[in-house]
>>> print(open('start-v4.csv').read())   # CSV, C-alpha atoms
chain,number,residue,atom,x,y,z
B,25,MET,CA,49.9,-29.9,33.3
B,26,ARG,CA,50.3,-27.2,30.7
B,27,ARG,CA,48.2,-29.2,28.2
B,28,VAL,CA,45.4,-29.6,30.7
B,29,VAL,CA,45.4,-25.9,31.5
B,30,ALA,CA,45.5,-25.1,27.8
B,31,ALA,CA,42.6,-27.5,27.1
B,32,ALA,CA,40.6,-26.1,29.9
B,33,TYR,CA,41.3,-22.5,28.7
B,34,ALA,CA,40.2,-23.4,25.2
B,35,LEU,CA,37.0,-25.0,26.4
B,36,GLY,CA,36.3,-22.0,28.6
B,37,THR,CA,36.8,-19.6,25.7
B,38,ALA,CA,34.6,-21.7,23.5
B,39,ALA,CA,31.9,-21.7,26.2
B,40,ILE,CA,32.0,-17.9,26.5
B,41,ALA,CA,31.8,-17.6,22.7
B,42,VAL,CA,28.7,-19.9,22.7
B,43,VAL,CA,27.1,-17.7,25.4
B,44,LEU,CA,27.9,-14.5,23.5
B,45,MET,CA,26.5,-15.9,20.3
B,46,SER,CA,23.4,-17.0,22.1
B,47,THR,CA,23.0,-13.6,23.7
B,48,GLN,CA,23.4,-12.0,20.2
B,49,VAL,CA,20.7,-14.2,18.7
B,50,ASN,CA,18.3,-13.8,21.6
B,51,ALA,CA,18.7,-10.0,22.1
B,52,TRP,CA,15.8,-7.9,21.0
B,53,GLN,CA,16.2,-7.3,17.3
B,54,CYS,CA,14.2,-6.2,14.3
B,55,ASP,CA,11.1,-8.3,13.9
B,56,PHE,CA,8.1,-8.6,11.6
B,57,LEU,CA,4.6,-7.2,11.6
B,58,THR,CA,1.8,-8.4,9.3
B,59,GLY,CA,-1.9,-7.7,9.1
B,60,GLY,CA,-5.0,-7.0,7.1
B,61,GLY,CA,-8.4,-5.5,7.8
B,62,PHE,CA,-10.4,-2.4,7.7
B,63,ILE,CA,-11.1,0.8,9.6
B,64,TYR,CA,-13.7,3.5,9.2
B,65,VAL,CA,-12.6,6.9,8.0
B,66,ASN,CA,-15.2,9.6,7.9
B,67,GLY,CA,-17.9,6.9,7.8
B,68,ALA,CA,-16.4,5.0,4.9
B,69,LYS,CA,-14.4,1.8,5.0
B,70,GLY,CA,-10.6,1.9,4.5
B,71,THR,CA,-9.3,-1.6,3.7
B,72,PHE,CA,-5.6,-2.4,4.2
B,73,ALA,CA,-2.9,-5.1,3.9
B,74,ILE,CA,0.4,-4.3,5.6
B,75,GLY,CA,3.7,-5.9,6.3
B,76,GLY,CA,6.9,-4.6,7.8
B,77,GLY,CA,10.2,-5.7,9.1
B,78,CYS,CA,13.9,-6.2,8.3
B,79,LYS,CA,15.3,-8.8,5.9
B,80,HIS,CA,19.0,-9.2,5.1
B,81,ASP,CA,19.9,-5.6,6.2
B,82,GLU,CA,17.1,-4.0,4.2
B,83,TYR,CA,13.6,-2.9,5.3
B,84,TRP,CA,11.0,-5.3,4.2
B,85,GLY,CA,7.2,-5.1,3.8
B,86,HIS,CA,4.3,-3.9,1.8
B,87,LEU,CA,1.2,-1.7,1.9
B,88,GLU,CA,-2.1,-1.9,0.1
B,89,TYR,CA,-4.8,0.6,1.1
B,90,HIS,CA,-8.2,1.5,-0.4
B,91,ASP,CA,-10.5,4.2,0.9
B,92,HIS,CA,-14.0,3.2,-0.2
B,93,GLY,CA,-15.3,6.8,0.5
B,94,THR,CA,-12.9,8.8,-1.6
B,95,GLY,CA,-11.9,6.0,-4.0
B,96,LEU,CA,-8.2,6.4,-3.0
B,97,ASN,CA,-5.9,3.4,-3.8
B,98,ALA,CA,-2.3,3.2,-2.6
B,99,HIS,CA,0.1,0.5,-3.6
B,100,TRP,CA,3.6,0.4,-2.1
B,101,THR,CA,6.7,0.7,-4.2
B,102,SER,CA,9.4,0.6,-1.5
B,103,VAL,CA,9.8,0.3,2.3
B,104,THR,CA,12.2,2.8,3.8
B,105,ALA,CA,11.7,2.5,7.6
B,106,TYR,CA,10.6,0.0,10.2
B,107,GLN,CA,10.6,1.4,13.7
B,108,GLU,CA,9.7,0.0,17.1
B,109,TRP,CA,7.5,2.4,19.1
B,110,ASN,CA,6.7,0.1,21.9
B,111,SER,CA,6.9,-3.6,22.6
B,112,GLY,CA,5.6,-6.0,25.2
B,113,THR,CA,3.7,-9.3,25.7
B,114,ASP,CA,0.1,-10.0,26.1
B,115,ASP,CA,-1.4,-12.0,29.0
B,116,LYS,CA,-0.5,-15.2,27.1
B,117,GLY,CA,3.1,-14.2,26.5
B,118,ARG,CA,2.7,-13.3,22.9
B,119,LEU,CA,4.4,-10.4,21.4
B,120,SER,CA,2.5,-7.1,21.3
B,121,GLY,CA,3.4,-3.6,20.4
B,122,ARG,CA,3.3,-0.7,18.0
B,123,ARG,CA,5.4,-0.3,14.8
B,124,LEU,CA,6.0,2.5,12.3
B,125,ILE,CA,6.3,1.4,8.7
B,126,CYS,CA,7.3,3.9,6.0
B,127,GLY,CA,8.0,3.9,2.3
B,128,THR,CA,6.8,5.1,-1.0
B,129,ALA,CA,3.6,4.3,-2.8
B,130,ARG,CA,1.8,4.9,-6.1
B,131,THR,CA,-1.7,6.3,-5.8
B,132,ASN,CA,-4.6,6.9,-8.2
B,133,GLN,CA,-5.3,10.4,-6.8
B,134,PHE,CA,-2.0,12.0,-5.6
B,135,GLY,CA,0.6,10.4,-7.9
B,136,ASP,CA,3.6,9.0,-6.1
B,137,VAL,CA,3.7,9.7,-2.4
B,138,ASN,CA,5.5,8.8,0.8
B,139,PHE,CA,3.5,6.7,3.3
B,140,ALA,CA,3.6,6.2,7.0
B,141,VAL,CA,1.7,3.5,8.7
B,142,VAL,CA,1.3,3.1,12.5
B,143,ALA,CA,0.1,-0.4,13.3
B,144,THR,CA,-0.4,-2.0,16.7
B,145,ASP,CA,-0.8,-5.6,17.8
B,146,ASN,CA,-2.7,-5.4,21.1
B,147,GLY,CA,-3.2,-9.2,21.3
B,148,GLU,CA,-5.9,-11.6,20.3
B,149,PRO,CA,-8.5,-11.6,18.9
B,150,GLY,CA,-7.4,-8.4,17.2
B,151,THR,CA,-10.4,-6.1,18.1
B,152,ASN,CA,-8.0,-3.8,20.0
B,153,ASP,CA,-5.4,-3.8,17.2
B,154,GLU,CA,-4.9,-0.5,15.4
B,155,PHE,CA,-4.1,0.8,12.0
B,156,ASP,CA,-3.5,4.4,10.8
B,157,ILE,CA,-2.0,5.8,7.6
B,158,GLN,CA,-0.7,9.1,6.3
B,159,LEU,CA,0.3,10.0,2.8
B,160,LYS,CA,2.5,13.0,1.9
B,161,SER,CA,3.0,14.3,-1.6
B,162,SER,CA,6.4,14.9,-3.0
B,163,ASP,CA,6.2,18.6,-2.0
B,164,GLY,CA,5.7,17.6,1.6
B,165,THR,CA,2.0,18.4,1.9
B,166,ILE,CA,-0.3,15.9,3.6
B,167,ALA,CA,-2.4,14.3,0.9
B,168,TYR,CA,-4.3,11.9,3.1
B,169,SER,CA,-4.2,11.0,6.8
B,170,THR,CA,-6.2,9.1,9.4
B,171,PHE,CA,-3.9,10.5,12.1
B,172,GLY,CA,-6.6,12.6,13.7
B,173,TRP,CA,-8.4,14.8,11.2
B,174,ASP,CA,-11.3,12.5,10.5
B,175,THR,CA,-14.3,12.6,12.9
B,176,SER,CA,-15.5,9.0,12.9
B,177,GLY,CA,-13.4,6.6,15.0
B,178,GLY,CA,-10.6,9.0,15.6
B,179,PHE,CA,-6.9,8.2,16.0
B,180,PRO,CA,-5.9,5.5,16.7
B,181,HIS,CA,-8.3,3.5,14.5
B,182,LYS,CA,-9.1,0.2,16.1
B,183,LEU,CA,-10.0,-3.0,14.2
B,184,GLY,CA,-13.1,-3.7,16.3
B,185,GLY,CA,-15.3,-2.7,19.2
B,186,ASP,CA,-17.0,0.6,18.9
B,187,ALA,CA,-14.9,1.5,15.9
B,188,ASN,CA,-16.6,-1.2,13.8
B,189,GLY,CA,-13.3,-2.1,12.1
B,190,GLY,CA,-12.1,-5.6,11.5
B,191,GLY,CA,-9.1,-7.8,10.8
B,192,ASN,CA,-5.9,-8.5,12.7
B,193,ILE,CA,-2.4,-7.1,13.2
B,194,GLN,CA,0.3,-9.7,14.1
B,195,LEU,CA,3.7,-9.1,15.5
B,196,HIS,CA,6.2,-11.9,14.8
B,197,LYS,CA,9.4,-12.7,16.5
B,198,PRO,CA,12.6,-12.2,14.6
B,199,ASN,CA,13.9,-15.0,12.4
B,200,ASP,CA,17.5,-15.6,11.0
B,201,SER,CA,16.8,-13.2,8.1
B,202,ASN,CA,16.3,-10.3,10.5
B,203,THR,CA,19.7,-8.8,10.1
B,204,GLY,CA,19.6,-5.1,10.5
B,205,SER,CA,17.9,-3.0,13.1
B,206,PHE,CA,14.9,-0.9,13.6
B,207,GLY,CA,15.1,2.5,12.0
B,208,GLY,CA,15.1,4.1,8.6
B,209,SER,CA,13.7,7.4,7.1
B,210,CYS,CA,10.1,8.4,7.2
B,211,PRO,CA,9.4,11.6,5.1
B,212,ALA,CA,5.6,11.0,5.4
B,213,LEU,CA,5.6,11.9,9.1
N,8,MET,CA,49.5,-36.7,34.5
N,9,ARG,CA,47.9,-39.8,32.9
N,10,ASP,CA,44.7,-39.1,34.9
N,11,ARG,CA,44.6,-35.6,33.6
N,12,VAL,CA,45.1,-36.6,30.0
N,13,PHE,CA,42.4,-39.2,30.4
N,14,PHE,CA,40.1,-36.5,31.9
N,15,SER,CA,40.7,-34.2,28.9
N,16,TYR,CA,39.9,-36.9,26.4
N,17,ARG,CA,36.7,-37.8,28.3
N,18,LEU,CA,35.7,-34.1,28.5
N,19,ILE,CA,36.3,-33.7,24.7
N,20,ALA,CA,34.3,-36.9,24.0
N,21,VAL,CA,31.4,-35.6,26.2
N,22,CYS,CA,31.4,-32.2,24.5
N,23,SER,CA,31.5,-33.8,21.0
N,24,PHE,CA,28.5,-36.0,21.9
N,25,ALA,CA,26.6,-33.0,23.3
N,26,ILE,CA,27.3,-30.9,20.1
N,27,ALA,CA,26.3,-33.8,17.9
N,28,ALA,CA,23.1,-34.4,19.9
N,29,TRP,CA,22.3,-30.7,19.7
N,30,ALA,CA,22.9,-30.5,16.0
N,31,ALA,CA,21.1,-33.7,15.0
N,32,PRO,CA,17.4,-32.4,15.4
N,33,ALA,CA,18.1,-29.3,13.3
N,34,ALA,CA,19.4,-31.4,10.4
N,35,ALA,CA,16.2,-33.5,10.4
N,36,GLN,CA,13.9,-30.6,10.5
N,37,THR,CA,11.5,-30.0,7.6
N,38,ILE,CA,9.2,-26.9,7.2
N,39,SER,CA,6.4,-25.9,4.9
N,40,GLY,CA,5.0,-22.5,4.5
N,41,GLN,CA,2.9,-20.8,1.9
N,42,ALA,CA,0.0,-18.4,1.5
N,43,ARG,CA,-2.3,-17.7,-1.4
N,44,VAL,CA,-5.0,-15.1,-1.8
N,45,ALA,CA,-6.9,-17.3,-4.3
N,46,GLN,CA,-6.6,-20.3,-6.5
N,47,VAL,CA,-9.1,-21.0,-9.2
N,48,THR,CA,-9.2,-24.3,-11.0
N,49,THR,CA,-11.7,-24.9,-13.8
N,50,PHE,CA,-12.3,-28.2,-15.6
N,51,SER,CA,-12.9,-28.6,-19.4
N,52,ALA,CA,-15.6,-30.8,-20.7
N,53,LEU,CA,-12.9,-33.6,-20.9
N,54,GLY,CA,-11.9,-32.9,-17.3
N,55,ALA,CA,-8.6,-31.2,-18.0
N,56,PRO,CA,-7.9,-28.7,-15.2
N,57,THR,CA,-6.8,-25.1,-15.7
N,58,THR,CA,-5.5,-23.4,-12.6
N,59,THR,CA,-5.0,-19.7,-12.0
N,60,VAL,CA,-3.4,-18.3,-8.8
N,61,VAL,CA,-3.6,-14.9,-7.3
N,62,GLY,CA,-1.3,-13.5,-4.7
N,63,ASP,CA,1.0,-16.4,-4.0
N,64,THR,CA,4.1,-16.2,-1.8
N,65,GLY,CA,5.6,-19.4,-3.1
N,66,THR,CA,7.0,-21.9,-0.7
N,67,LEU,CA,9.4,-21.2,2.2
N,68,ALA,CA,12.9,-22.1,1.1
N,69,ASP,CA,14.2,-22.7,4.7
N,70,SER,CA,13.6,-21.7,8.3
N,71,SER,CA,15.2,-18.3,7.8
N,72,ASP,CA,13.0,-17.4,4.9
N,73,VAL,CA,10.2,-14.8,4.7
N,74,ARG,CA,8.1,-14.3,1.6
N,75,GLN,CA,5.3,-11.9,0.6
N,76,ALA,CA,2.9,-11.0,-2.2
N,77,SER,CA,0.5,-8.1,-2.3
N,78,GLN,CA,-1.7,-6.3,-4.8
N,79,ILE,CA,-4.3,-3.5,-4.6
N,80,THR,CA,-6.7,-5.3,-6.9
N,81,ALA,CA,-6.8,-8.6,-8.8
N,82,SER,CA,-9.3,-10.3,-11.1
N,83,ILE,CA,-9.8,-13.5,-13.0
N,84,PRO,CA,-12.2,-12.6,-15.8
N,85,ASP,CA,-15.8,-13.9,-15.2
N,86,VAL,CA,-14.8,-15.7,-12.0
N,87,LEU,CA,-13.0,-13.6,-9.3
N,88,ARG,CA,-12.5,-10.0,-8.3
N,89,CYS,CA,-11.0,-8.8,-5.0
N,90,GLY,CA,-8.9,-5.9,-3.6
N,91,THR,CA,-6.4,-4.9,-0.9
N,92,MET,CA,-4.8,-8.3,-0.7
N,93,HIS,CA,-1.7,-9.8,0.7
N,94,ALA,CA,0.0,-13.1,1.5
N,95,VAL,CA,2.9,-13.7,3.8
N,96,THR,CA,4.8,-16.7,5.1
N,97,ILE,CA,7.6,-16.6,7.7
N,98,GLY,CA,9.9,-19.4,8.8
N,99,TRP,CA,11.8,-19.9,12.1
N,100,SER,CA,13.9,-22.8,13.4
N,101,ASP,CA,11.0,-23.8,15.7
N,102,GLN,CA,7.9,-22.5,13.9
N,103,VAL,CA,6.2,-21.3,10.8
N,104,ALA,CA,3.5,-18.7,10.4
N,105,SER,CA,1.5,-17.9,7.2
N,106,GLU,CA,-1.2,-15.3,6.6
N,107,THR,CA,-3.4,-14.0,3.8
N,108,SER,CA,-6.2,-11.4,3.6
N,109,LEU,CA,-8.3,-9.8,1.0
N,110,SER,CA,-11.2,-7.4,0.7
N,111,ASP,CA,-14.3,-7.0,-1.5
N,112,LEU,CA,-14.5,-10.5,-2.8
N,113,ALA,CA,-16.8,-11.1,-5.7
N,114,LEU,CA,-16.8,-14.6,-6.9
N,115,THR,CA,-18.9,-16.3,-9.6
N,116,VAL,CA,-18.7,-20.0,-10.0
N,117,ALA,CA,-21.0,-21.9,-12.4
N,118,GLY,CA,-23.7,-19.3,-11.8
N,119,THR,CA,-23.4,-19.0,-8.1
N,120,THR,CA,-22.2,-15.7,-6.7
N,121,ILE,CA,-20.3,-15.4,-3.5
N,122,GLY,CA,-19.3,-12.2,-1.9
N,123,ALA,CA,-17.4,-11.1,1.2
N,124,ASP,CA,-16.3,-7.7,2.6
N,125,PHE,CA,-13.2,-9.1,4.2
N,126,VAL,CA,-11.5,-12.5,4.3
N,127,MET,CA,-8.5,-13.5,6.4
N,128,SER,CA,-6.8,-16.8,7.0
N,129,ARG,CA,-3.8,-17.6,9.2
N,130,ALA,CA,-1.9,-20.8,10.0
N,131,ALA,CA,0.8,-21.4,12.6
N,132,ALA,CA,2.9,-24.5,13.3
N,133,VAL,CA,5.2,-24.8,16.3
N,134,LEU,CA,7.8,-27.6,16.6
N,135,GLY,CA,6.6,-30.2,19.0
N,136,ALA,CA,3.2,-28.8,19.4
N,137,ALA,CA,-0.1,-28.9,17.6
N,138,GLY,CA,-0.5,-26.3,14.9
N,139,GLY,CA,-3.7,-24.5,14.0
N,140,GLY,CA,-5.5,-22.2,11.7
N,141,LYS,CA,-7.8,-19.2,12.1
N,142,VAL,CA,-10.2,-17.8,9.7
N,143,ALA,CA,-12.1,-14.5,9.8
N,144,ILE,CA,-14.8,-13.6,7.2
N,145,GLU,CA,-17.0,-10.5,7.3
N,146,GLY,CA,-20.1,-9.9,5.2
N,147,LEU,CA,-20.3,-13.3,3.5
N,148,SER,CA,-23.1,-13.8,1.1
N,149,ILE,CA,-24.1,-16.5,-1.4
N,150,ASN,CA,-26.4,-15.5,-4.2
N,151,GLY,CA,-27.2,-12.3,-2.4
N,152,LEU,CA,-28.2,-14.0,0.8
N,153,PRO,CA,-26.2,-13.3,4.0
N,154,ILE,CA,-24.5,-16.3,5.4
N,155,ALA,CA,-23.7,-16.6,9.1
N,156,VAL,CA,-20.2,-17.8,9.7
N,157,THR,CA,-20.5,-20.0,12.8
N,158,GLY,CA,-16.8,-20.3,13.6
N,159,ALA,CA,-17.0,-24.0,13.4
N,160,THR,CA,-14.4,-25.8,11.3
N,161,ASN,CA,-15.5,-27.1,7.9
N,162,GLN,CA,-18.9,-25.4,7.9
N,163,VAL,CA,-20.6,-26.5,4.7
N,164,VAL,CA,-23.2,-24.6,2.7
N,165,LEU,CA,-24.7,-26.5,-0.2
N,166,ILE,CA,-25.0,-24.7,-3.5
N,167,PRO,CA,-26.3,-25.8,-6.9
N,168,GLY,CA,-24.0,-28.6,-8.1
N,169,GLY,CA,-21.6,-28.4,-5.2
N,170,ARG,CA,-20.8,-26.8,-1.9
N,171,VAL,CA,-18.9,-24.1,-0.1
N,172,VAL,CA,-16.7,-25.1,2.8
N,173,ILE,CA,-16.1,-22.2,5.2
N,174,ASN,CA,-13.1,-22.3,7.6
N,175,GLU,CA,-11.7,-25.5,6.0
N,176,GLN,CA,-9.0,-26.9,8.3
N,177,GLN,CA,-6.7,-29.5,6.8
N,178,SER,CA,-3.5,-30.9,8.4
N,179,THR,CA,-1.3,-27.9,7.8
N,180,THR,CA,-3.6,-25.7,5.7
N,181,SER,CA,-6.3,-23.2,6.6
N,182,ASN,CA,-8.7,-22.3,3.8
N,183,ALA,CA,-11.1,-19.5,4.5
N,184,LEU,CA,-13.5,-20.5,1.6
N,185,HIS,CA,-13.4,-23.6,-0.6
N,186,VAL,CA,-15.9,-23.7,-3.4
N,187,VAL,CA,-16.4,-27.0,-5.2
N,188,ILE,CA,-18.7,-27.4,-8.2
N,189,ASP,CA,-18.3,-31.1,-9.0
N,190,GLY,CA,-16.5,-31.6,-12.3
N,191,VAL,CA,-16.7,-27.9,-13.1
N,192,ALA,CA,-14.6,-25.8,-10.7
N,193,ASP,CA,-12.6,-25.8,-7.5
N,194,VAL,CA,-11.9,-22.4,-6.0
N,195,ILE,CA,-10.0,-21.7,-2.8
N,196,VAL,CA,-10.0,-18.2,-1.3
N,197,GLY,CA,-7.6,-17.3,1.5
N,198,SER,CA,-5.3,-20.2,1.9
N,199,ALA,CA,-2.5,-20.3,4.5
N,200,THR,CA,-0.1,-23.3,5.1
N,201,ALA,CA,2.3,-23.8,8.0
N,202,GLY,CA,4.0,-27.0,8.9
N,203,ILE,CA,7.2,-28.0,10.8
N,204,GLN,CA,8.6,-31.4,11.8
>>> encode(input="start-v4.csv", output="structure tokens")
Amino acid sequence: MRRVVAAAYALGTAAIAVVLMSTQVNAWQCDFLTGGGFIYVNGAKGTFAIGGGCKHDEYWGHLEYHDHGTGLNAHWTSVTAYQEWNSGTDDKGRLSGRRLICGTARTNQFGDVNFAVVATDNGEPGTNDEFDIQLKSSDGTIAYSTFGWDTSGGFPHKLGGDANGGGNIQLHKPNDSNTGSFGGSCPAL
Amino acid sequence: MRDRVFFSYRLIAVCSFAIAAWAAPAAAQTISGQARVAQVTTFSALGAPTTTVVGDTGTLADSSDVRQASQITASIPDVLRCGTMHAVTIGWSDQVASETSLSDLALTVAGTTIGADFVMSRAAAVLGAAGGGKVAIEGLSINGLPIAVTGATNQVVLIPGGRVVINEQQSTTSNALHVVIDGVADVIVGSATAGIQ
């Protein structure tokens, strides 16, 4: 009788462990965002490629940005933050939401800077997706920003519709490398 | 007591079978994921190929891998120039997604010039379901003439000595542009691969 009770207890414990592990895996955790496209800033095209997320307890991603009006180039050198600003699903059950991606970048006009990118996946086909960027110099001054100062398109800059932008932002569910959590430091904000 | 012991053995056997059945599909799973901004292959007079790749993620190692490549500009002298580019591939236990995009494409292949303001290619594969690719191209021109991208898969535009395939969809690969000059050059721009079995 004791053996039966012990076996049942062991099985019950194992079942609870499996449930707990499943809960841990399925709980909302750090994810990935990727995208490319263009916005219009003061009448000129700003092309971008962006990635953000967590990978093995470190923030992961990249940024490439080129303002065709001013000639500014920014190329990422590190990613220091990936933050969830909002999350949801679209009408087809796909992930949607807004993320903040921050890090450092090398530019051809302002030297080394801190960058902050706010990117939003508002579902397919991407015309309502959004991309905005701000660069701060090492002394803390804003070197470049699409967070509201420009007069064409305005913040947030959409990738289609009346804003005439293009491209797509895509949120991706977490994979097994997504250890770590949303967060990090963002000196560019 | 004998009944209870028998019951325990039977329970353990059932659990073992269930665990084995649950684990078996994962062991048999294979994935493929890769994204490339561009791949240029030229052929010598003797037909020997020379291939140059720009912005390549490499292949996914496993279903927990994520790989990226990005550059602000890239060029292959006399052939290709582009900017603001990236390539990403992500694996999961039940799917793969790959994506690449680039801007300001200027391509010259055997005297034919091809330009585009923006190119994006995405591929996704989901275990047990049909995969698919999506391509977006803005401002495409060939030899200075604007080309309407219809959205149809494998749209072909003939050029001197060859062809341009727009939105080329293969089994697991989505190519935004594939330029073939027979015996001279083979150029793929915006290639995303995603497969899972």
>>> interface_residues(input="start-v4.csv", of="chain N", to="chain B", cutoff="6 Å", atoms="all atoms listed in the file", output="list in words")
Ser71, Ile79, Thr91, Met92, His93, Trp99 and Ser108 of chain N
>>> atom_distance(input="start-v4.csv", atom1="atom CA of Val187 of chain N", atom2="atom CA of Thr80 of chain N")
23.8 Å
>>> residues_around(input="start-v4.csv", residues="Ser205 of chain B", least_positions_apart="5", cutoff="12 Å", atoms="all atoms listed in the file", output="ChimeraX atom specification")
/B:51-56,77-84,105-108,198
>>> atom_distance(input="start-v4.csv", atom1="atom CA of Ser110 of chain N", atom2="atom CA of Met127 of chain N")
8.8 Å
>>> closest_residue(input="start-v4.csv", among="B:Gly135, B:Gly76, B:Gly67, B:Pro211", to="Gly189 of chain B", atoms="only C-alpha atoms")
B:Gly67
>>> residues_around(input="start-v4.csv", residues="Arg74 of chain N", least_positions_apart="4", cutoff="10 Å", atoms="all atoms listed in the file", output="VMD selection string")
(chain B and resid 84 to 85) or (chain N and resid 40 to 42 63 to 68 94 to 98 105)
>>> write_last_selection(input="start-v4.csv", atoms="C-alpha atoms", output="short mmCIF file (atom, residue, chain, number, x, y, z; two decimals), in the coordinates of the input")
data_model
loop_
_atom_site.label_atom_id
_atom_site.label_comp_id
_atom_site.auth_asym_id
_atom_site.auth_seq_id
_atom_site.Cartn_x
_atom_site.Cartn_y
_atom_site.Cartn_z
CA TRP B 84 11.00 -5.30 4.20
CA GLY B 85 7.20 -5.10 3.80
CA GLY N 40 5.00 -22.50 4.50
CA GLN N 41 2.90 -20.80 1.90
CA ALA N 42 0.00 -18.40 1.50
CA ASP N 63 1.00 -16.40 -4.00
CA THR N 64 4.10 -16.20 -1.80
CA GLY N 65 5.60 -19.40 -3.10
CA THR N 66 7.00 -21.90 -0.70
CA LEU N 67 9.40 -21.20 2.20
CA ALA N 68 12.90 -22.10 1.10
CA ALA N 94 0.00 -13.10 1.50
CA VAL N 95 2.90 -13.70 3.80
CA THR N 96 4.80 -16.70 5.10
CA ILE N 97 7.60 -16.60 7.70
CA GLY N 98 9.90 -19.40 8.80
CA SER N 105 1.50 -17.90 7.20
#
>>> residues_around(input="start-v4.csv", residues="Arg43 of chain N", least_positions_apart="5", cutoff="8 Å", atoms="all atoms listed in the file", output="PyMOL selection string")
chain N and resi 60-64+94+107+196-199
>>> atom_distance(input="start-v4.csv", atom1="atom CA of Thr59 of chain N", atom2="atom CA of Val47 of chain N")
5.1 Å
>>> closest_residue(input="start-v4.csv", among="B:Ile193, B:Ala167, B:Ala143, B:Val65", to="Thr131 of chain B", atoms="only C-alpha atoms")
B:Ala167
>>> residues_around(input="start-v4.csv", residues="segment 170-176 of chain N", least_positions_apart="4", cutoff="7 Å", atoms="all atoms listed in the file", output="PDB file with C-alpha atoms, in the coordinates of the input")
ATOM      1  CA  GLY N 140      -5.500 -22.200  11.700  1.00  0.00           C
ATOM      2  CA  VAL N 142     -10.200 -17.800   9.700  1.00  0.00           C
ATOM      3  CA  THR N 160     -14.400 -25.800  11.300  1.00  0.00           C
ATOM      4  CA  ASN N 161     -15.500 -27.100   7.900  1.00  0.00           C
ATOM      5  CA  GLN N 162     -18.900 -25.400   7.900  1.00  0.00           C
ATOM      6  CA  VAL N 163     -20.600 -26.500   4.700  1.00  0.00           C
ATOM      7  CA  VAL N 164     -23.200 -24.600   2.700  1.00  0.00           C
ATOM      8  CA  LEU N 165     -24.700 -26.500  -0.200  1.00  0.00           C
ATOM      9  CA  ILE N 166     -25.000 -24.700  -3.500  1.00  0.00           C
ATOM     10  CA  THR N 180      -3.600 -25.700   5.700  1.00  0.00           C
ATOM     11  CA  SER N 181      -6.300 -23.200   6.600  1.00  0.00           C
ATOM     12  CA  ASN N 182      -8.700 -22.300   3.800  1.00  0.00           C
ATOM     13  CA  ALA N 183     -11.100 -19.500   4.500  1.00  0.00           C
ATOM     14  CA  LEU N 184     -13.500 -20.500   1.600  1.00  0.00           C
ATOM     15  CA  HIS N 185     -13.400 -23.600  -0.600  1.00  0.00           C
ATOM     16  CA  VAL N 186     -15.900 -23.700  -3.400  1.00  0.00           C
ATOM     17  CA  VAL N 187     -16.400 -27.000  -5.200  1.00  0.00           C
ATOM     18  CA  ILE N 188     -18.700 -27.400  -8.200  1.00  0.00           C
TER      19      ILE N 188
END
>>> closest_residue(input="start-v4.csv", among="N:Asp85, N:Asp189, N:Asp72, N:Glu145", to="Thr115 of chain N", atoms="all atoms listed in the file")
N:Asp85
>>> closest_residue(input="start-v4.csv", among="B:Thr170, B:Thr151, B:Ser209, B:Ser162", to="Ala143 of chain N", atoms="only C-alpha atoms")
B:Thr151
>>> residues_near_point(input="start-v4.csv", point="(-4.5, -4.8, 17.3)", cutoff="10 Å", atoms="only C-alpha atoms", output="ChimeraX atom specification")
/B:59,120-122,143-155,181-184,190-195
>>> residues_near_point(input="start-v4.csv", point="(2.7, 5.4, 0.1)", cutoff="6 Å", atoms="all atoms listed in the file", output="list in words")
Trp100, Gly127, Thr128, Ala129, Val137, Asn138, Phe139 and Leu159 of chain B
>>> residues_around(input="start-v4.csv", residues="Ala131 of chain N", least_positions_apart="5", cutoff="7 Å", atoms="all atoms listed in the file", output="VMD selection string")
chain N and resid 103 to 105 138 to 140 201
>>> closest_residue(input="start-v4.csv", among="N:Pro84, N:Gly54, N:Gly190, N:Gly122", to="Ser148 of chain N", atoms="all atoms listed in the file")
N:Gly122
